[in-house]
$ cat start.cif   # mmCIF, C-alpha atoms and all ligand atoms
data_target
loop_
_atom_site.label_atom_id
_atom_site.label_comp_id
_atom_site.auth_asym_id
_atom_site.auth_seq_id
_atom_site.Cartn_x
_atom_site.Cartn_y
_atom_site.Cartn_z
CA MET A 24 115.72 73.52 118.70
CA SER A 25 116.55 70.33 116.86
CA ASP A 26 119.10 67.56 117.24
CA ALA A 27 117.84 65.40 114.37
CA LYS A 28 120.31 64.29 111.71
CA PRO A 29 120.48 66.75 108.84
CA THR A 30 119.94 66.07 105.16
CA ILE A 31 122.56 67.61 102.91
CA LEU A 32 121.47 68.94 99.53
CA LYS A 33 124.12 69.78 96.93
CA ILE A 34 122.99 71.63 93.85
CA GLY A 35 125.53 71.43 91.04
CA GLY A 36 126.71 74.58 89.35
CA SER A 37 125.71 73.12 85.98
CA VAL A 38 122.09 73.07 87.16
CA ILE A 39 121.77 76.63 88.45
CA THR A 40 124.03 78.23 85.83
CA ASP A 41 124.70 77.80 82.15
CA LYS A 42 128.20 76.32 82.25
CA ASN A 43 128.89 77.33 78.65
CA GLY A 44 128.24 80.99 79.40
CA GLU A 45 129.97 83.37 81.79
CA LEU A 46 128.15 84.56 84.92
CA ALA A 47 124.99 83.04 83.44
CA ALA A 48 122.51 82.15 86.19
CA ARG A 49 119.37 80.10 85.57
CA THR A 50 117.11 82.07 87.89
CA GLU A 51 113.95 80.15 86.94
CA VAL A 52 115.65 76.86 87.92
CA ILE A 53 116.92 78.41 91.17
CA ASN A 54 113.34 79.51 91.93
CA ARG A 55 111.84 76.11 91.20
CA LEU A 56 114.42 74.42 93.44
CA ALA A 57 113.61 76.87 96.23
CA GLU A 58 109.94 75.96 95.78
CA GLU A 59 110.73 72.23 95.98
CA THR A 60 112.83 72.80 99.09
CA GLN A 61 110.00 74.76 100.70
CA LYS A 62 107.50 72.03 99.81
CA ALA A 63 109.75 69.34 101.36
CA ASN A 64 109.87 71.44 104.52
CA LEU A 65 112.70 69.42 106.13
CA LYS A 66 113.40 70.31 109.73
CA ASN A 67 117.14 69.78 109.36
CA LEU A 68 118.76 70.75 106.11
CA ILE A 69 122.09 72.05 104.88
CA ILE A 70 122.34 73.33 101.31
CA VAL A 71 125.60 73.53 99.34
CA HIS A 72 125.74 74.86 95.79
CA GLY A 73 128.38 74.77 93.11
CA GLY A 74 130.05 77.46 91.07
CA GLY A 75 129.17 76.70 87.46
CA SER A 76 129.80 79.63 85.14
CA PHE A 77 130.41 81.95 88.13
CA GLY A 78 133.26 80.28 90.03
CA HIS A 79 134.93 78.04 87.48
CA PRO A 80 135.88 80.42 84.63
CA THR A 81 137.26 83.01 87.08
CA ALA A 82 139.18 80.41 89.10
CA GLN A 83 140.60 78.94 85.90
CA LYS A 84 141.58 82.32 84.46
CA TYR A 85 143.76 83.10 87.49
CA GLY A 86 144.95 79.56 88.31
CA ILE A 87 143.41 79.79 91.80
CA LYS A 88 143.27 76.05 92.42
CA GLU A 89 147.03 75.68 91.91
CA GLY A 90 147.72 78.29 94.59
CA LEU A 91 149.50 81.60 95.01
CA LYS A 92 152.52 81.94 92.74
CA ASP A 93 152.24 85.52 91.67
CA ASN A 94 150.81 88.62 93.37
CA ALA A 95 148.73 89.35 90.28
CA GLN A 96 146.58 86.32 91.19
CA LYS A 97 145.38 87.98 94.39
CA VAL A 98 142.73 89.99 92.61
CA GLY A 99 141.66 86.72 90.96
CA PHE A 100 141.26 85.07 94.37
CA ALA A 101 139.15 88.04 95.49
CA GLU A 102 137.15 87.94 92.27
CA THR A 103 136.49 84.18 92.46
CA HIS A 104 135.11 84.51 95.99
CA HIS A 105 133.16 87.59 94.97
CA VAL A 106 131.43 86.00 91.97
CA MET A 107 130.50 83.06 94.21
CA THR A 108 128.86 85.48 96.63
CA VAL A 109 126.92 86.95 93.70
CA LEU A 110 125.60 83.50 92.69
CA ASN A 111 124.97 82.72 96.35
CA GLY A 112 122.96 85.95 96.59
CA LEU A 113 120.66 84.76 93.82
CA VAL A 114 120.19 81.40 95.57
CA MET A 115 119.57 83.16 98.91
CA ASP A 116 117.04 85.49 97.28
CA ALA A 117 114.99 82.53 96.06
CA LEU A 118 115.22 80.62 99.34
CA VAL A 119 114.36 83.50 101.63
CA TRP A 120 111.48 84.69 99.42
CA HIS A 121 110.12 81.15 99.66
CA ASN A 122 109.99 81.58 103.42
CA ILE A 123 112.89 79.25 104.13
CA PRO A 124 115.01 80.36 107.12
CA ALA A 125 118.12 80.04 104.96
CA PHE A 126 121.35 81.60 106.19
CA SER A 127 124.42 82.07 104.03
CA VAL A 128 127.75 80.84 105.47
CA ALA A 129 130.83 81.68 103.38
CA PRO A 130 133.20 78.67 103.39
CA SER A 131 136.16 80.99 102.84
CA CYS A 132 135.45 82.53 106.25
CA CYS A 133 135.31 79.28 108.21
CA VAL A 134 137.43 76.74 106.29
CA VAL A 135 141.19 76.53 105.73
CA THR A 136 142.61 73.75 103.55
CA GLU A 137 146.04 72.11 103.31
CA ASN A 138 147.05 71.15 99.79
CA GLY A 139 143.42 71.46 98.78
CA ARG A 140 142.04 69.24 101.54
CA ILE A 141 139.91 70.60 104.42
CA LYS A 142 142.21 71.10 107.42
CA LEU A 143 140.39 73.44 109.77
CA VAL A 144 136.70 74.32 110.11
CA GLU A 145 135.32 76.88 112.54
CA ASP A 146 131.92 75.29 112.94
CA ALA A 147 130.46 76.98 116.04
CA VAL A 148 128.12 79.17 113.99
CA LEU A 149 127.07 76.29 111.74
CA LYS A 150 126.26 74.11 114.75
CA MET A 151 124.19 76.84 116.34
CA LEU A 152 122.33 77.65 113.13
CA LEU A 153 121.39 73.97 112.76
CA LYS A 154 120.33 73.67 116.36
CA MET A 155 118.11 76.71 116.00
CA GLY A 156 116.43 75.34 112.88
CA PHE A 157 118.07 77.55 110.29
CA VAL A 158 119.08 76.16 106.89
CA PRO A 159 122.79 76.93 106.44
CA VAL A 160 123.69 77.57 102.80
CA LEU A 161 127.31 77.06 101.73
CA TYR A 162 129.02 76.84 98.34
CA GLY A 163 132.19 75.87 96.51
CA ASP A 164 134.55 78.76 97.23
CA ALA A 165 138.03 80.23 96.89
CA VAL A 166 139.61 79.48 100.29
CA LEU A 167 142.90 80.05 102.08
CA ASP A 168 145.29 77.08 102.09
CA GLU A 169 148.14 76.50 104.56
CA LYS A 170 150.50 75.14 101.90
CA LEU A 171 149.28 76.74 98.68
CA GLY A 172 148.31 80.20 100.01
CA PHE A 173 144.87 79.73 98.49
CA THR A 174 142.97 77.20 96.42
CA VAL A 175 139.48 76.18 95.29
CA LEU A 176 137.34 74.14 97.67
CA SER A 177 134.69 72.17 95.79
CA GLY A 178 131.16 72.01 97.08
CA ASP A 179 131.47 68.23 96.94
CA GLN A 180 134.40 68.08 99.35
CA LEU A 181 132.41 70.34 101.64
CA VAL A 182 129.30 68.14 101.37
CA SER A 183 131.29 65.02 102.21
CA TYR A 184 132.92 66.75 105.20
CA LEU A 185 129.64 68.21 106.55
CA ALA A 186 127.80 64.90 106.09
CA ARG A 187 130.40 63.10 108.21
CA LYS A 188 130.78 65.90 110.75
CA PHE A 189 127.04 66.21 111.38
CA SER A 190 126.21 62.49 110.84
CA ALA A 191 123.78 63.29 108.03
CA ASP A 192 120.90 60.92 107.38
CA LYS A 193 121.37 61.30 103.63
CA ILE A 194 122.99 63.32 100.88
CA VAL A 195 121.00 64.47 97.84
CA ILE A 196 123.10 65.51 94.87
CA GLY A 197 121.27 67.49 92.20
CA VAL A 198 123.07 67.25 88.87
CA ASP A 199 122.15 67.93 85.24
CA THR A 200 121.93 64.27 84.19
CA ASP A 201 119.49 61.59 85.38
CA GLY A 202 122.18 60.02 87.59
CA LEU A 203 125.27 57.89 87.05
CA TYR A 204 125.65 56.15 83.70
CA ASP A 205 128.01 53.47 82.43
CA ALA A 206 129.22 56.03 79.81
CA ASP A 207 129.10 59.82 79.38
CA PRO A 208 125.37 60.48 78.67
CA LYS A 209 126.26 63.62 76.72
CA LEU A 210 128.48 61.69 74.32
CA ALA A 211 127.46 57.99 74.30
CA LYS A 212 124.57 56.59 72.20
CA ASN A 213 122.75 54.29 74.64
CA PRO A 214 124.16 54.91 78.09
CA LYS A 215 122.71 52.74 80.88
CA LEU A 216 121.61 54.44 84.10
CA TYR A 217 122.61 52.78 87.35
CA ALA A 218 119.62 52.87 89.71
CA HIS A 219 121.50 51.48 92.70
CA LEU A 220 125.19 50.99 93.39
CA THR A 221 127.09 49.60 96.33
CA LEU A 222 130.51 51.05 97.11
CA SER A 223 132.28 48.03 95.62
CA GLU A 224 130.21 48.28 92.41
CA LEU A 225 131.00 51.99 92.26
CA GLY A 226 134.70 51.25 92.64
CA LYS A 227 134.56 48.96 89.60
CA ILE A 228 132.82 51.45 87.33
CA ARG A 229 134.65 54.60 88.45
CA LYS A 230 137.37 54.24 85.89
CA LYS A 231 134.74 54.06 83.14
CA LEU A 232 133.18 57.44 83.97
CA GLY A 233 134.30 60.47 82.00
CA GLY A 234 134.98 63.99 83.32
CA SER A 235 132.77 66.98 82.70
CA THR A 236 133.00 68.66 79.29
CA ALA A 237 132.83 72.37 80.18
CA ALA A 238 135.38 74.27 82.30
CA ASP A 239 135.51 72.54 85.69
CA VAL A 240 138.45 73.15 87.98
CA THR A 241 137.27 70.70 90.63
CA GLY A 242 137.16 67.37 88.79
CA GLY A 243 133.76 66.81 87.13
CA MET A 244 131.69 63.70 87.85
CA LEU A 245 134.72 61.56 88.76
CA GLY A 246 135.88 64.03 91.38
CA LYS A 247 132.31 64.28 92.68
CA MET A 248 132.07 60.53 93.26
CA ALA A 249 135.52 60.19 94.79
CA GLU A 250 134.67 62.92 97.30
CA LEU A 251 131.45 61.22 98.39
CA VAL A 252 132.93 57.77 99.04
CA PRO A 253 134.10 58.50 102.63
CA ALA A 254 130.57 59.63 103.57
CA VAL A 255 129.00 56.52 102.03
CA GLU A 256 131.60 54.40 103.88
CA GLN A 257 130.26 55.95 107.07
CA GLY A 258 126.79 54.65 106.17
CA ILE A 259 125.36 57.85 104.69
CA PRO A 260 123.44 57.09 101.47
CA VAL A 261 123.76 59.35 98.44
CA ALA A 262 120.89 59.97 96.02
CA MET A 263 121.99 61.52 92.76
CA VAL A 264 119.07 63.01 90.81
CA ASN A 265 118.45 65.32 87.88
CA ALA A 266 117.79 68.73 89.46
CA ALA A 267 117.07 70.22 86.04
CA LYS A 268 113.86 68.15 85.95
CA PRO A 269 110.93 69.19 88.17
CA ASN A 270 110.19 67.34 91.40
CA ARG A 271 113.17 65.00 91.42
CA VAL A 272 114.98 66.94 94.15
CA TYR A 273 111.70 67.20 96.07
CA LYS A 274 111.14 63.43 95.93
CA ALA A 275 114.76 62.68 96.87
CA LEU A 276 114.51 65.07 99.84
CA MET A 277 111.33 63.30 100.94
CA GLY A 278 112.98 59.88 100.58
CA GLU A 279 110.44 58.91 97.91
CA ALA A 280 111.22 56.62 94.96
CA VAL A 281 112.63 58.73 92.15
CA GLU A 282 114.61 58.23 88.95
CA GLY A 283 118.30 58.61 89.73
CA THR A 284 121.21 56.71 91.26
CA VAL A 285 121.35 55.69 94.90
CA ILE A 286 124.78 54.82 96.29
CA GLU A 287 124.92 52.88 99.54
CA LYS A 288 127.62 51.18 101.54
CA GLU A 289 126.37 47.68 100.71
C1 LIG A 301 133.38 75.28 92.56
O1 LIG A 301 132.47 74.55 93.30
C2 LIG A 301 133.63 76.62 93.19
C3 LIG A 301 134.60 77.47 92.46
C4 LIG A 301 135.10 77.23 91.29
C5 LIG A 301 135.03 78.67 93.16
P1 LIG A 301 131.95 73.15 92.75
O2 LIG A 301 133.07 72.35 92.20
O3 LIG A 301 131.16 72.53 93.83
O4 LIG A 301 131.00 73.61 91.56
P2 LIG A 301 130.23 72.80 90.44
O5 LIG A 301 129.03 72.19 91.06
O6 LIG A 301 131.18 71.76 89.87
O7 LIG A 301 129.90 73.86 89.44
#

$ encode --input "start.cif" --output "structure tokens"
Amino acid sequence: MSDAKPTILKIGGSVITDKNGELAARTEVINRLAEETQKANLKNLIIVHGGGSFGHPTAQKYGIKEGLKDNAQKVGFAETHHVMTVLNGLVMDALVWHNIPAFSVAPSCCVVTENGRIKLVEDAVLKMLLKMGFVPVLYGDAVLDEKLGFTVLSGDQLVSYLARKFSADKIVIGVDTDGLYDADPKLAKNPKLYAHLTLSELGKIRKKLGGSTAADVTGGMLGKMAELVPAVEQGIPVAMVNAAKPNRVYKALMGEAVEGTVIEKE
């Protein structure tokens, strides 16, 4: 049994899938990340992964984020959740075969939103899993919404909520860039990487950051940062590292110095 503060690891959908494809998982990357997680061997860990080319194209096709307007969308809601469970299955495969006591928790079965914001969370199972030393694994999902009927809940909103709810000691965000830049690293010539940012510095540069290029129904890098601010305000540091490069997630989990961007309250 453990009451220590958990670390929250978010793995972006653009890391574990090819965002330009459709239902294109990067199984070798998923395996390496499972290996790094096993090596870190944290006693208290929650993992959240994104949707990438599983959740986003399906959600976009049926307008799931905007809510229920037409009965024909219902199969799209079902399909969006389903493809997320397929991607989650691949992640679970890698984690469990690496001897991690990972346990999948579907957000759509324990979270209800209101206008896209988390309203209600049935967290009894999550609490017990953590206490017993399991590693709960959640993901961005198609969820029911009190006002919209349904919507898309981003993994980032979930991470921010869980970090505050369980007073996390830190959040590690694995993305497909080296961290936060002063310009879009996929478009700009000489973007500068921010190694450390306070909340007030982040506020100043937020308007300069671009959105993601491929289909992303939950707001790209800007949305990601905005979601994390309330957790940082509560004193929970965020380390953003390149999960596509070996060992960066491992080092961030261990609290070791690593290339990336650390965001702290002050
Ligand atoms: C999106 O989750 C989930 C769905 C579209 C159903 P995220 O917003 O956390 O996914 P990524 O990390 O941006 O791919």

$ atom_distance --input "start.cif" --atom1 "atom CA of A:Val52" --atom2 "atom CA of A:Pro269"
9.0 Å

$ atom_distance --input "start.cif" --atom1 "atom CA of A:Leu152" --atom2 "atom C3 of ligand LIG 301 (chain A)"
24.0 Å

$ closest_atom_pairs --input "start.cif" --of "chain A" --to "ligand LIG 301 (chain A)" --cutoff "6 Å" --atoms "only C-alpha atoms and all ligand atoms" --output "JSON lines"
{"residue": "A:Gly35", "atom": "CA", "partner": "A:LIG301", "partner_atom": "O5", "distance": 3.6}
{"residue": "A:Gly36", "atom": "CA", "partner": "A:LIG301", "partner_atom": "O7", "distance": 3.3}
{"residue": "A:Ser37", "atom": "CA", "partner": "A:LIG301", "partner_atom": "O7", "distance": 5.5}
{"residue": "A:Gly73", "atom": "CA", "partner": "A:LIG301", "partner_atom": "O4", "distance": 3.3}
{"residue": "A:Gly74", "atom": "CA", "partner": "A:LIG301", "partner_atom": "O7", "distance": 4.0}
{"residue": "A:Gly75", "atom": "CA", "partner": "A:LIG301", "partner_atom": "O7", "distance": 3.5}
{"residue": "A:Gly78", "atom": "CA", "partner": "A:LIG301", "partner_atom": "C4", "distance": 3.8}
{"residue": "A:His79", "atom": "CA", "partner": "A:LIG301", "partner_atom": "C4", "distance": 3.9}
{"residue": "A:Ala82", "atom": "CA", "partner": "A:LIG301", "partner_atom": "C4", "distance": 5.6}
{"residue": "A:Thr103", "atom": "CA", "partner": "A:LIG301", "partner_atom": "C5", "distance": 5.7}
{"residue": "A:Gly163", "atom": "CA", "partner": "A:LIG301", "partner_atom": "O1", "distance": 3.5}
{"residue": "A:Asp164", "atom": "CA", "partner": "A:LIG301", "partner_atom": "C5", "distance": 4.1}
{"residue": "A:Ala165", "atom": "CA", "partner": "A:LIG301", "partner_atom": "C5", "distance": 5.0}
{"residue": "A:Val175", "atom": "CA", "partner": "A:LIG301", "partner_atom": "C5", "distance": 5.5}
{"residue": "A:Ser177", "atom": "CA", "partner": "A:LIG301", "partner_atom": "O2", "distance": 3.9}
{"residue": "A:Gly178", "atom": "CA", "partner": "A:LIG301", "partner_atom": "O3", "distance": 3.3}
{"residue": "A:Asp179", "atom": "CA", "partner": "A:LIG301", "partner_atom": "O3", "distance": 5.3}
{"residue": "A:Thr241", "atom": "CA", "partner": "A:LIG301", "partner_atom": "O2", "distance": 4.8}

$ atom_distance --input "start.cif" --atom1 "atom CA of A:Arg55" --atom2 "atom CA of A:Ala117"
8.6 Å

$ closest_residue --input "start.cif" --among "A:Lys62, A:Arg229, A:Lys193, A:Lys154" --to "A:Asp205" --atoms "only C-alpha atoms"
A:Arg229

$ residues_around --input "start.cif" --residues "stretch 276-285 of chain A" --least-positions-apart "2" --cutoff "7 Å" --atoms "all atoms listed in the file" --output "NGL selection string"
:A and (63 or 195 or 201-203 or 217-220 or 261-265 or 271-274 or 287)

$ axis_aligned_box --input "start.cif" --around "stretch 52-64 of chain A" --padding-each-side "5 Å" --output "lines of an AutoDock Vina configuration file"
center_x = 112.2
center_y = 74.4
center_z = 96.2
size_x = 19.4
size_y = 20.2
size_z = 26.6

$ closest_residue --input "start.cif" --among "A:Thr200, A:Leu149, A:Tyr184, A:Glu137" --to "A:Lys170" --atoms "all atoms listed in the file"
A:Glu137

$ closest_residue --input "start.cif" --among "A:Arg49, A:Lys288, A:Lys28, A:Lys247" --to "A:Ile196" --atoms "all atoms listed in the file"
A:Lys247

$ residues_around --input "start.cif" --residues "A:Arg140" --least-positions-apart "6" --cutoff "9 Å" --atoms "all atoms listed in the file" --output "ChimeraX atom specification"
/A:168,176,180

$ residues_around --input "start.cif" --residues "A:Asn111" --least-positions-apart "3" --cutoff "8 Å" --atoms "all atoms listed in the file" --output "MDAnalysis selection string"
chainID A and resid 72 107:108 114:115 127 162

$ closest_residue --input "start.cif" --among "A:Ala101, A:Leu143, A:Met248, A:Leu185" --to "A:Val160" --atoms "all atoms listed in the file"
A:Leu185

$ residues_near_point --input "start.cif" --point "(127.3, 78.1, 79.7)" --cutoff "12 Å" --atoms "all atoms listed in the file" --output "list in words"
Gly36, Ser37, Val38, Ile39, Thr40, Asp41, Lys42, Asn43, Gly44, Glu45, Leu46, Ala47, Ala48, Arg49, Gly74, Gly75, Ser76, Phe77, His79, Pro80, Thr236, Ala237, Ala238 and Asp239 of chain A

$ write_last_selection --input "start.cif" --atoms "C-alpha atoms" --output "mmCIF file, in the coordinates of the input"
data_model
loop_
_atom_site.group_PDB
_atom_site.id
_atom_site.type_symbol
_atom_site.label_atom_id
_atom_site.label_comp_id
_atom_site.auth_asym_id
_atom_site.auth_seq_id
_atom_site.Cartn_x
_atom_site.Cartn_y
_atom_site.Cartn_z
ATOM 1 C CA GLY A 36 126.710 74.580 89.350
ATOM 2 C CA SER A 37 125.710 73.120 85.980
ATOM 3 C CA VAL A 38 122.090 73.070 87.160
ATOM 4 C CA ILE A 39 121.770 76.630 88.450
ATOM 5 C CA THR A 40 124.030 78.230 85.830
ATOM 6 C CA ASP A 41 124.700 77.800 82.150
ATOM 7 C CA LYS A 42 128.200 76.320 82.250
ATOM 8 C CA ASN A 43 128.890 77.330 78.650
ATOM 9 C CA GLY A 44 128.240 80.990 79.400
ATOM 10 C CA GLU A 45 129.970 83.370 81.790
ATOM 11 C CA LEU A 46 128.150 84.560 84.920
ATOM 12 C CA ALA A 47 124.990 83.040 83.440
ATOM 13 C CA ALA A 48 122.510 82.150 86.190
ATOM 14 C CA ARG A 49 119.370 80.100 85.570
ATOM 15 C CA GLY A 74 130.050 77.460 91.070
ATOM 16 C CA GLY A 75 129.170 76.700 87.460
ATOM 17 C CA SER A 76 129.800 79.630 85.140
ATOM 18 C CA PHE A 77 130.410 81.950 88.130
ATOM 19 C CA HIS A 79 134.930 78.040 87.480
ATOM 20 C CA PRO A 80 135.880 80.420 84.630
ATOM 21 C CA THR A 236 133.000 68.660 79.290
ATOM 22 C CA ALA A 237 132.830 72.370 80.180
ATOM 23 C CA ALA A 238 135.380 74.270 82.300
ATOM 24 C CA ASP A 239 135.510 72.540 85.690
#

$ closest_residue --input "start.cif" --among "A:Ile286, A:Asn64, A:Asp146, A:Asn270" --to "A:Gly226" --atoms "only C-alpha atoms"
A:Ile286

$ closest_residue --input "start.cif" --among "A:Ile34, A:Ala249, A:Leu91, A:Leu56" --to "A:Asp199" --atoms "only C-alpha atoms"
A:Ile34

$ residues_near_point --input "start.cif" --point "(130.9, 67.5, 102.2)" --cutoff "10 Å" --atoms "all atoms listed in the file" --output "list of chain:residue names"
A:Ile31, A:Leu32, A:Lys33, A:Val71, A:Ile141, A:Ser177, A:Gly178, A:Asp179, A:Gln180, A:Leu181, A:Val182, A:Ser183, A:Tyr184, A:Leu185, A:Ala186, A:Arg187, A:Lys188, A:Ile194, A:Glu250, A:Leu251, A:Pro253, A:Ala254

$ residues_around --input "start.cif" --residues "A:Glu89" --least-positions-apart "6" --cutoff "9 Å" --atoms "all atoms listed in the file" --output "ChimeraX atom specification"
/A:139,171,173-175

$ write_last_selection --input "start.cif" --atoms "C-alpha atoms" --output "CSV table (one decimal), in the coordinates of the input"
chain,number,residue,atom,x,y,z
A,139,GLY,CA,143.4,71.5,98.8
A,171,LEU,CA,149.3,76.7,98.7
A,173,PHE,CA,144.9,79.7,98.5
A,174,THR,CA,143.0,77.2,96.4
A,175,VAL,CA,139.5,76.2,95.3
